[in-house]
Each structure stands twice: as C-alpha cells, then as structure tokens.
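The file my_file.txt comes next; it holds compact mmCIF, C-alpha atoms.
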# COMPACT_ATOMS: atom_id res chain seq x y z
CA MET C 1 -14.74 -26.61 21.68
CA ILE C 2 -13.58 -28.82 18.86
CA ILE C 3 -12.57 -27.16 15.60
CA LYS C 4 -15.74 -27.96 13.63
CA GLU C 5 -18.06 -26.70 16.37
CA THR C 6 -16.08 -23.47 16.63
CA ILE C 7 -16.14 -22.93 12.88
CA ASP C 8 -19.89 -23.52 12.85
CA LYS C 9 -20.37 -21.03 15.69
CA ILE C 10 -18.27 -18.35 13.97
CA GLN C 11 -20.03 -18.97 10.66
CA SER C 12 -23.37 -18.58 12.42
CA LEU C 13 -22.30 -15.28 13.99
CA LEU C 14 -21.14 -13.99 10.62
CA SER C 15 -24.37 -15.04 8.96
CA LEU C 16 -26.27 -13.10 11.62
CA ASP C 17 -24.14 -10.03 10.87
CA GLU C 18 -22.42 -10.32 14.25
CA VAL C 19 -19.10 -9.58 12.59
CA GLU C 20 -17.21 -7.98 15.47
CA THR C 21 -18.39 -10.69 17.87
CA ALA C 22 -17.05 -13.33 15.47
CA ILE C 23 -13.77 -11.45 15.02
CA ASN C 24 -13.32 -11.03 18.76
CA LEU C 25 -13.89 -14.75 19.25
CA ILE C 26 -11.26 -15.59 16.63
CA LEU C 27 -8.81 -13.19 18.29
CA ALA C 28 -9.55 -14.50 21.78
CA LEU C 29 -9.10 -18.15 20.79
CA ASP C 30 -5.96 -17.48 18.71
CA ASP C 31 -5.89 -21.16 17.77
CA PRO C 32 -3.35 -22.04 15.03
CA LYS C 33 -5.35 -25.08 13.90
CA LEU C 34 -8.58 -23.09 13.73
CA ASN C 35 -6.88 -20.28 11.83
CA SER C 36 -5.33 -22.69 9.35
CA GLU C 37 -8.77 -24.19 8.70
CA PHE C 38 -10.18 -20.76 7.91
CA LEU C 39 -7.25 -20.09 5.55
CA ASN C 40 -7.21 -23.51 3.93
CA GLY C 41 -7.31 -22.92 0.16
CA CYS C 42 -6.27 -19.26 0.41
CA SER C 43 -3.02 -18.05 -1.12
CA LEU C 44 -1.13 -15.07 -2.53
CA ASN C 45 -0.48 -15.20 -6.27
CA THR C 46 2.70 -13.97 -7.96
CA ASN C 47 1.20 -10.46 -8.28
CA GLY C 48 0.71 -10.30 -4.52
CA GLU C 49 -3.06 -10.58 -4.91
CA ILE C 50 -5.14 -12.55 -2.43
CA VAL C 51 -6.88 -15.69 -3.61
CA LEU C 52 -9.72 -16.56 -1.23
CA ASN C 53 -11.24 -19.93 -0.46
CA ASP C 54 -14.96 -20.73 -0.72
CA PHE C 55 -15.55 -20.24 3.01
CA LEU C 56 -14.34 -16.63 3.11
CA SER C 57 -15.72 -15.79 -0.34
CA GLN C 58 -19.30 -16.33 0.84
CA PHE C 59 -19.10 -13.24 3.06
CA SER C 60 -18.98 -10.71 0.21
CA ASP C 61 -18.75 -7.45 2.18
CA ILE C 62 -16.31 -8.58 4.86
CA LYS C 63 -14.33 -11.39 3.21
CA TYR C 64 -11.06 -9.43 3.03
CA TYR C 65 -11.50 -8.05 6.54
CA LEU C 66 -11.82 -11.64 7.75
CA PHE C 67 -8.87 -12.78 5.69
CA TYR C 68 -6.45 -10.12 6.96
CA THR C 69 -7.56 -10.58 10.56
CA ILE C 70 -6.91 -14.32 10.47
CA PHE C 71 -3.86 -14.06 8.21
CA CYS C 72 -2.08 -11.57 10.49
CA LEU C 73 -2.92 -13.72 13.50
CA SER C 74 -1.56 -16.88 11.93
CA GLN C 75 2.13 -17.49 12.56
CA ASP C 76 2.36 -21.27 12.69
CA GLU C 77 4.38 -21.95 9.55
CA LYS C 78 3.74 -25.69 9.59
CA LEU C 79 0.02 -25.15 9.07
CA LEU C 80 0.07 -22.41 6.44
CA GLU C 81 0.14 -22.60 2.66
CA LYS C 82 3.65 -21.64 1.55
CA SER C 83 2.67 -18.31 -0.04
CA LEU C 84 1.03 -17.20 3.24
CA ILE C 85 4.06 -17.76 5.45
CA HIS C 86 4.87 -14.29 6.67
CA LYS C 87 8.62 -14.42 6.17
CA ASN C 88 8.14 -15.53 2.54
CA ILE C 89 6.00 -12.57 1.51
CA LYS C 90 7.85 -9.92 -0.48
CA LYS C 91 4.92 -8.48 -2.43
CA ILE C 92 1.33 -7.79 -1.46
CA HIS C 93 -1.50 -5.98 -3.26
CA ILE C 94 -4.09 -4.56 -0.87
CA GLU C 95 -7.22 -3.75 -2.85
CA GLN C 96 -10.05 -4.50 -0.42
CA TYR C 97 -10.49 -4.41 3.35
CA LYS C 98 -12.90 -3.01 5.90
CA ALA C 99 -14.68 0.20 4.79
CA ASN C 100 -12.34 3.20 5.03
CA ASP C 101 -9.81 1.28 7.10
CA PHE C 102 -6.38 -0.23 6.58
CA PRO C 103 -5.03 -3.61 7.81
CA SER C 104 -2.40 -2.16 10.13
CA ASP C 105 -1.40 -5.58 11.46
CA ILE C 106 0.41 -6.34 8.19
CA GLU C 107 3.47 -4.72 9.75
CA ILE C 108 4.32 -8.33 10.66
CA LEU C 109 5.47 -8.76 7.04
CA LYS C 110 9.06 -7.86 7.87
CA ASN C 111 10.47 -8.96 4.49
CA LEU C 112 7.99 -7.01 2.35
CA GLU C 113 9.69 -5.38 -0.65
CA GLU C 114 6.74 -4.30 -2.80
CA LEU C 115 3.52 -2.78 -1.46
CA ILE C 116 0.60 -1.96 -3.76
CA ILE C 117 -2.27 -0.09 -2.10
CA ASP C 118 -5.35 0.25 -4.32
CA LEU C 119 -7.86 0.84 -1.59
CA ASP C 120 -11.04 2.77 -0.89
CA TYR C 121 -9.36 4.52 2.02
CA THR C 122 -9.06 8.20 2.89
CA ILE C 123 -5.64 9.26 4.16
CA GLN C 124 -6.13 11.58 7.12
CA ASN C 125 -3.92 14.65 7.36
CA ASN C 126 -2.85 13.87 10.93
CA ASP C 127 -0.31 11.77 12.83
CA ASP C 128 -2.93 9.20 13.82
CA ASP C 129 -3.57 7.96 10.28
CA ASN C 130 -3.09 4.18 10.14
CA LEU C 131 -1.30 4.12 6.79
CA LEU C 132 1.07 6.97 7.64
CA GLN C 133 2.01 5.27 10.90
CA LEU C 134 2.51 1.93 9.21
CA LEU C 135 4.72 2.79 6.22
CA PRO C 136 7.98 3.51 8.11
CA LYS C 137 7.84 0.01 9.63
CA PHE C 138 8.51 -1.69 6.29
CA LYS C 139 12.27 -1.35 6.47
CA LYS C 140 12.97 -3.54 3.43
CA LEU C 141 10.43 -1.91 1.12
CA LYS C 142 11.79 -1.20 -2.37
CA SER C 143 8.63 -0.22 -4.22
CA ILE C 144 5.38 1.43 -3.18
CA SER C 145 2.29 2.20 -5.26
CA ILE C 146 -0.53 4.19 -3.66
CA ASN C 147 -4.04 4.71 -4.97
CA THR C 148 -6.33 5.96 -2.20
CA HIS C 149 -8.44 8.99 -1.34
CA GLY C 150 -7.25 12.14 0.40
CA VAL C 151 -3.67 12.24 -0.84
CA GLY C 152 -3.76 15.93 -1.80
CA GLU C 153 -4.01 17.68 1.57
CA ALA C 154 -2.01 14.89 3.21
CA SER C 155 0.83 15.08 0.67
CA ASP C 156 3.42 16.46 3.09
CA ARG C 157 2.68 13.86 5.74
CA LEU C 158 2.59 11.05 3.19
CA PHE C 159 5.99 11.95 1.76
CA LYS C 160 7.52 12.44 5.20
CA SER C 161 6.32 8.95 6.09
CA ILE C 162 7.76 7.56 2.84
CA TYR C 163 11.10 9.32 3.48
CA ASN C 164 11.76 6.82 6.28
CA LEU C 165 12.06 3.96 3.77
CA LYS C 166 15.81 3.96 3.16
CA ASN C 167 15.72 1.03 0.70
CA LEU C 168 13.01 2.52 -1.50
CA GLU C 169 13.74 2.51 -5.24
CA SER C 170 10.34 3.23 -6.79
CA ILE C 171 7.35 5.45 -5.87
CA ILE C 172 3.99 5.54 -7.66
CA ILE C 173 1.27 7.86 -6.35
CA LYS C 174 -1.80 7.80 -8.60
CA PRO C 175 -4.10 10.42 -7.03
CA ALA C 176 -3.10 14.07 -7.37
CA ILE C 177 -0.57 15.36 -4.86
CA MET C 178 -0.32 18.99 -3.76
CA SER C 179 3.29 19.21 -2.59
CA ILE C 180 6.64 17.44 -2.45
CA PRO C 181 8.44 18.51 0.73
CA ILE C 182 12.17 18.44 1.48
CA GLY C 183 13.48 15.00 2.42
CA MET C 184 13.58 13.04 -0.83
CA SER C 185 17.39 13.00 -0.62
CA ASN C 186 17.02 10.65 2.37
CA LEU C 187 16.08 7.99 -0.18
CA LYS C 188 19.57 7.21 -1.44
CA LYS C 189 18.36 4.38 -3.67
CA ILE C 190 15.35 6.09 -5.26
CA SER C 191 15.50 5.86 -9.06
CA ASN C 192 11.91 5.76 -10.40
CA ILE C 193 9.06 8.13 -9.54
CA ASP C 194 5.55 8.27 -11.03
CA ILE C 195 3.23 11.00 -9.74
CA ASN C 196 0.01 12.80 -10.58
CA CYS C 197 1.01 16.49 -10.68
CA THR C 198 -2.44 17.87 -11.56
CA GLU C 199 -2.72 19.86 -8.30
CA LEU C 200 0.98 20.17 -7.50
CA PHE C 201 1.91 23.72 -6.46
CA ASN C 202 4.81 23.30 -4.03
CA ILE C 203 7.92 21.40 -5.19
CA SER C 204 11.14 21.44 -3.21
CA ASP C 205 14.32 22.42 -5.09
CA GLU C 206 15.79 19.23 -3.66
CA PHE C 207 13.28 17.18 -5.66
CA LEU C 208 13.88 19.18 -8.85
CA SER C 209 17.61 18.42 -8.69
CA LEU C 210 17.20 14.67 -8.14
CA LYS C 211 19.13 12.30 -10.37
CA LEU C 212 16.65 9.57 -11.30
CA LYS C 213 16.42 6.87 -13.94
CA THR C 214 12.82 7.72 -14.76
CA LEU C 215 10.27 10.35 -13.82
CA HIS C 216 6.72 9.91 -15.10
CA LEU C 217 4.35 12.85 -14.70
CA ARG C 218 0.60 12.65 -15.14
CA SER C 219 -1.83 15.57 -15.18
CA HIS C 220 -5.15 16.75 -16.59
CA ASN C 221 -3.26 19.80 -17.86
CA PRO C 222 -2.14 19.67 -21.51
CA ARG C 223 1.40 20.75 -20.60
CA ILE C 224 3.83 20.22 -17.74
CA GLN C 225 3.68 23.00 -15.15
CA ARG C 226 6.39 25.66 -15.32
CA ASP C 227 7.39 24.58 -11.81
CA PHE C 228 9.33 21.74 -13.44
CA ASP C 229 11.42 24.03 -15.68
CA LYS C 230 14.36 23.92 -13.27
CA MET C 231 14.33 20.13 -13.35
CA PHE C 232 14.63 20.21 -17.15
CA GLU C 233 17.50 22.69 -16.87
CA TYR C 234 19.38 20.46 -14.44
CA ASN C 235 18.73 17.45 -16.63
CA TYR C 236 19.85 19.21 -19.81
CA LYS C 237 23.28 19.95 -18.31
CA ARG C 238 23.96 16.33 -17.37
CA GLU C 239 25.88 13.84 -19.46
CA ASN C 240 23.61 11.56 -21.49
CA LYS C 241 24.24 8.52 -19.30
CA ALA C 242 23.29 10.54 -16.20
CA LYS C 243 20.10 12.10 -17.60
CA THR C 244 16.69 11.33 -16.15
CA SER C 245 14.19 9.88 -18.63
CA ILE C 246 11.21 12.23 -18.16
CA SER C 247 7.84 11.31 -19.63
CA TYR C 248 4.44 12.96 -19.43
CA HIS C 249 0.90 12.31 -20.49
CA LYS C 250 -2.43 14.02 -20.11
CA ILE C 251 -4.99 12.05 -18.13
CA ASP C 252 -8.63 12.29 -17.25
CA TYR C 253 -8.96 14.66 -14.31
CA TYR C 254 -10.74 11.97 -12.31
CA TYR C 255 -7.97 9.41 -12.74
CA GLY C 256 -7.42 7.49 -9.54
CA ARG C 257 -9.42 7.96 -6.38
CA SER C 258 -8.83 11.60 -5.51
Could you rewrite the structure in this file as structure tokens?
Amino acid sequence: MIIKETIDKIQSLLSLDEVETAINLILALDDPKLNSEFLNGCSLNTNGEIVLNDFLSQFSDIKYYLFYTIFCLSQDEKLLEKSLIHKNIKKIHIEQYKANDFPSDIEILKNLEELIIDLDYTIQNNDDDNLLQLLPKFKKLKSISINTHGVGEASDRLFKSIYNLKNLESIIIKPAIMSIPIGMSNLKKISNIDINCTELFNISDEFLSLKLKTLHLRSHNPRIQRDFDKMFEYNYKRENKAKTSISYHKIDYYYGRS
C-alpha cells in the first residue's frame, strides 16, 4: 500500500474504535516513512512535555497511546523531528497514556536523565508491575518525580527499584509512602529528596543518617512525625556546611493521586 492509503485505512480503523487492530497494523508494517508521517508536527518541548499534531489530537481518548506506540517504534533519525530523536531525549514528562498502563517501550531512551511520571496509573505491589520493571533500565537517570496511584503498599518495591539508579541525584514522590527500606546508600549521588510522609511508619536508620543537600517533607499532619527525630539529631551534630536543609509543610490529605 502507498503511504496515503495506509494512513486512510488506519484512520478509518481508529474512527471505528478498532484501536488494537490499527495499532497491530502499525506495528506489523513498521514503516519508517509511515511512522514519520504520523509524527509529523509532533515534538517534545523543553519541559519534556509532548506536543501533538492535529492528526493524533483528534483521537482524544487514545492520542497519547498512539503517540507512544509510534514514537517508540520510530528509530529512523533522518525522518524525525530533532526533539523526537531517541538519543537526544534527556527529559520526558509522561502525563497521559492508555488507561491504567505505562509505556514500557520508552526504555529505548538510553540517555534519559529526568523522568516525570504524572500518570493515572496504579503501581502494583508485585514483581510484574511495568513501572517497577522499567525504572532500573534508565542507567543515566539523575532525577525522578512520581505521581501515581498505589504507592503506599508498593513503597518497598518502588524504592528497591529506584535503588538501582546509581546516577540518581533527586527523588520526588508525591503520593504518600508507607516505608523507606534499606538501600538508599546505594545511591552515592543522591542529594535532594521530596516525599509525602503522611502514612510513613517504617524508616530505615540508613535513611535517617543520610547526608543530603535538601529534604522536603510533606504531610497532612501538623507536625513532623517523631520517627524523624534521629535525623534531626544527626543533622544538628554536623558542621554547618554539611547540614541537610530540611523543610516541611502541611498539605491537603488528598494531595497527589493516592
């Protein structure tokens, strides 16, 4: 089929709500020219946010699912807009995708340094969770920000997945976490942590003794939990230049997605 006929066929399938049939056809053809046509006019802005073209924007409920499917399939650099070339991408903000799913194929972004996940996605407390499997593959990641569902019960697994990221410098977890397990010392470069401690009841001594630049705590409680007292004691004994800047503010209990 020529490109235009194929595009018309796929558009027709999508219009008839035959989404998976259309996706499977795109995957089966794996045509660089076809993919570049679908992505023509799309880009990533400086904040790592996706800018969609008119073609994809018309499919309101599945437009980001379509984008990521085609984007991850597209590796012909000559045909892609510069910001979409995989090796160029250092920051991406994932805020929409398929319902309760995660675009696991983005592991192709080998040079990713900053990952922002603001997604209607429930992290499963098991080894099969897409996000937990994916995170350790971003070897160059320096900063991660997570705002999803289900972080609480999956806290241990989430942190253990994050502990594989040896270049990580900054962690932001917006929903309430329940625990911080041993392993944070694996992150030799970690310097900034921002967490929701509303439901936090299990904190490793290793975490409490960390030397950070900044620690930002958020909670619906009016005061910091006593569990952090030891951290303040450690910090008090340090020289001024080695002290962690610790900040805290009370938030609405329903802050974030959890």
Applying 12 Å and only C-alpha atoms, which residues near C:Glu77 remain after dropping the ones on its own chain fewer than 5 positions away? List them as a tab-separated table (two decimals) with C-alpha atoms, in the frame of the given file.
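Generated file (out-v8.tsv):
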chain	number	residue	atom	x	y	z
C	32	PRO	CA	-3.35	-22.04	15.03
C	33	LYS	CA	-5.35	-25.08	13.90
C	35	ASN	CA	-6.88	-20.28	11.83
C	36	SER	CA	-5.33	-22.69	9.35
C	71	PHE	CA	-3.86	-14.06	8.21
C	82	LYS	CA	3.65	-21.64	1.55
C	83	SER	CA	2.67	-18.31	-0.04
C	84	LEU	CA	1.03	-17.20	3.24
C	85	ILE	CA	4.06	-17.76	5.45
C	86	HIS	CA	4.87	-14.29	6.67
C	87	LYS	CA	8.62	-14.42	6.17
C	88	ASN	CA	8.14	-15.53	2.54
- Please check which residues have atoms at most 9 Å from (1.5, -3.0, 11.9) in the file's coordinates, counting only C-alpha atoms, and write them as a VMD selection string. chain C and resid 103 to 109 130 133 to 135 137
- Test item: residues at most 10 Å from C:Gln124, only C-alpha atoms, excluding those fewer than 5 positions along its chain, as a list in words: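 Near neighbours after the sequence-gap exclusion: Asp129, Asn130, Leu131, Leu132, His149, Gly150, Val151, Glu153, Ala154, Arg157 and Leu158 of chain C.
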- Query: Do you have the atom CA of C:Ile23-atom CA of C:Leu80 distance handy?
  - Reply: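 Atom-to-atom, atom CA of C:Ile23 and atom CA of C:Leu80 are spaced 19.6 Å apart.
Proximity ranking of C:Leu56, C:Thr69, C:Ser191, C:Phe102 relative to C:Ala242 places C:Ser191 first, based on only C-alpha atoms.
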- What does the distance between atom CA of C:Asn221 and atom CA of C:Lys174 come to in Å, to one decimal place?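 Distance between the two atoms: 15.2 Å.
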- Message: Between atom CA of C:Ile144 and atom CA of C:Ala99, what distance in Å does the model show, to one decimal?
- Response: 21.6 Å
- Mind checking which residues fall within 12 Å of C:Leu212, counting only C-alpha atoms, ignoring those fewer than 5 positions away in the same chain, and posting them as a list of chain:residue names?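 In the requested format, the answer is C:Glu169, C:Ser170, C:Ile171, C:Met184, C:Ser185, C:Leu187, C:Lys188, C:Lys189, C:Ile190, C:Ser191, C:Asn192, C:Ile193, C:Asp194, C:Phe207, C:Met231, C:Tyr234, C:Asn235, C:Arg238, C:Lys241, C:Ala242, C:Lys243, C:Thr244, C:Ser245, C:Ile246.
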- Query: Closest to C:Glu49 among C:Leu14, C:Ile70, C:Ile94, C:Leu34, using all atoms listed in the file?
  - Reply: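 Result for the nearest residue to C:Glu49: C:Ile94.
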- All residues 12 Å or closer to C:Lys230, only C-alpha atoms, same chain fewer than 2 positions away omitted, as a PyMOL selection string: chain C and resi 203-210+225-228+232-237
- Name the closest residue to C:Leu112 among the candidates C:Asn100, C:Asn125, C:Gln58, C:Asn167; distances are taken between atoms, counting only C-alpha atoms.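 Among the listed residues, C:Asn167 lies closest to C:Leu112.
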- Go through C:Thr122, C:Ser43, C:Ser179, C:Ser219 one by one, measure the shortest atom-to-atom distance of each to C:Asn202 using only C-alpha atoms, and give the residue with the smallest value.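 Closest to C:Asn202, using only C-alpha atoms: C:Ser179.
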